[in-house]
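Enquirer: Please find one structure pasted underneath; my questions will follow.
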Amino acid sequence: MKSGEKIELSENCLKLDRANAKALIKGFEKDEKTINQAIYCVVKQRELPMLITLNRSTQLKYKLSKIGKKLCQENFSVPYKYIAFPVRHYNIKNELLFWKSICSGGLFDIWDPEGGPFKRFFDPKICKSDPSKYMILLLRIWEIEEQFMNDEIKHASNYIDKIIKENRFVTLKKPVINDAEFDKIKEFAEESIKGYRFE
């Protein structure tokens with residue numbers, strides 16, 4: 001991937017709550033540093049780049065950390081000009097000790113470990129009790145040259161948005177995280193996940 005490259009987006013958007021969207025696009029503050037989040041919990045493979053859209057509901061099913069609550073309170077709307085590239089999926093074991101590490105070490109600090117992803121993966125509506133589907137998705141976020149308009153996005157539910165514009169080709173502008181920093185995040189994520197992989 002490089003600036004100026006043309007790529008086609010998935011019809012399906014990555015619809016996020018406010019805290020997740022801001023953590024991926026703008027980052028979160030911790031220990032007087034800005035940290036960009038690059039992981040997300042999923043239960044199915046995502047292969048194509050997705051436009052990031054915002055779930056405007058304030059009703060969250062899962063518990064945010066103090067960092068996440070602060071992000072959620074701040075005024076932030078997502079312009080439709082950021083996309084998420086799926087880089088790698090990691091099948092993981094849903095163990096509380098793992099989430100305590102991930103949610104405090106600079107990777108996923110917007111969530112309360114017990115009331116956030118740990119609880120989400122025990123929700124039968126989400127995972128249907130199949131532990132092999134518990135995944136962390138490593139994402140690379142890019143800004144694009146184009147900006148989608150609201151009438152080009154179909155808001156089907158709190159969880160689903162779709163691009164209804166026929167032409168889904170966009171031009172990469174710049175990555176939110178530079179290559180060197182992203183490589184560090186990827187290495188740190190893989191080291192943190194090691195030992196909790198579902199084989």
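Residue numbers start at 1 in each chain; chains themselves are named A, B, ... in the order of the structure tokens; ligands are numbered from 1 in the order shown.
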Which residues are near stretch 61-71 of chain A? Cut-off 7 Å, only C-alpha atoms, ignore same chain within fewer than 5 positions. Put them as a ChimeraX atom specification.
Expert: /A:19,22,109-112,115-116,120
Enquirer: Set the distance at 9 Å and use only C-alpha atoms: which residues neighbour stretch 96-108 of chain A once local chain neighbours fewer than 4 positions away are removed? I'd like the list as a list in words.
Expert: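 So, after excluding close chain neighbours, the residues are Ala23, Lys30, Ile35, Asn36, Gln37, Ala38, Ile39, Tyr40, Ser65, Asp112, Pro113, Glu114, Gly116, Pro117, Phe118, Ile185, Phe188, Ala189, Ser192, Ile193 and Tyr196 of chain A.
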Enquirer: Can you work out which one of A:Asn91, A:Ser157, A:Thr53, A:Thr171 has the shortest atom-to-atom distance to A:Lys6, counting only C-alpha atoms?
Expert: A:Thr171
Enquirer: Just want the 6 Å neighbourhood of A:Val43, counted on only C-alpha atoms, with same-chain residues fewer than 4 positions away dropped. Output as JSON, numbers by chain.
Expert: {"A": [133, 134, 135]}
Enquirer: Go ahead and dump the residues you just picked, C-alpha atoms, as a short mmCIF file (atom, residue, chain, number, x, y, z; two decimals), in the first residue's frame.
Expert:
```cif
data_model
loop_
_atom_site.label_atom_id
_atom_site.label_comp_id
_atom_site.auth_asym_id
_atom_site.auth_seq_id
_atom_site.Cartn_x
_atom_site.Cartn_y
_atom_site.Cartn_z
CA LYS A 133 -14.24 -17.78 16.43
CA TYR A 134 -12.75 -15.47 19.06
CA MET A 135 -10.41 -13.23 17.07
#
```
Enquirer: Closest to A:Asp179 among A:Arg46, A:Lys165, A:Arg140, A:His155, using only C-alpha atoms?
Expert: A:Arg140
Enquirer: Could you tell me which of A:Asn75, A:Asn158, A:Asn167, A:Asn12 comes closest to A:Glu146 if we count only C-alpha atoms?
Expert: A:Asn167
Enquirer: Rounded to one decimal, what separation in Å do you get between atom CA of A:His89 and atom CA of A:Ile136?
Expert: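 Result for atom CA of A:His89 versus atom CA of A:Ile136: 5.8 Å, one decimal.
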Enquirer: Considering only C-alpha atoms, return as a list in words whatever protein or nucleic-acid residues lie within 9 Å of A:Arg18, sequence-local ones (same chain, fewer than 4 positions apart) excluded.
Expert: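 Contacts, in chain order: Lys22, Ala23, Leu54, Asn55, Arg56, Ser57, Thr58, Leu71, Cys72, Gln73, Glu74, Phe76, Ser77 and Val78 of chain A.
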Enquirer: Those selected residues, please, written with C-alpha atoms and delivered as a tab-separated table (two decimals), in the first residue's frame.
Expert:
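Generated output (selection_28.tsv):
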```
chain	number	residue	atom	x	y	z
A	22	LYS	CA	-11.51	7.81	17.94
A	23	ALA	CA	-8.88	5.43	19.36
A	54	LEU	CA	-19.88	5.66	13.44
A	55	ASN	CA	-22.49	4.01	15.61
A	56	ARG	CA	-24.21	7.10	16.99
A	57	SER	CA	-26.03	5.22	19.73
A	58	THR	CA	-24.87	6.12	23.23
A	71	LEU	CA	-12.98	9.35	24.53
A	72	CYS	CA	-16.72	8.65	24.43
A	73	GLN	CA	-17.53	11.94	26.14
A	74	GLU	CA	-15.44	14.05	23.78
A	76	PHE	CA	-16.08	13.51	17.81
A	77	SER	CA	-17.79	12.61	14.56
A	78	VAL	CA	-16.18	10.44	11.93
```
Enquirer: Between atom CA of A:Lys2 and atom CA of A:Asp151, what is the distance, to one decimal in Å?
Expert: 28.6 Å
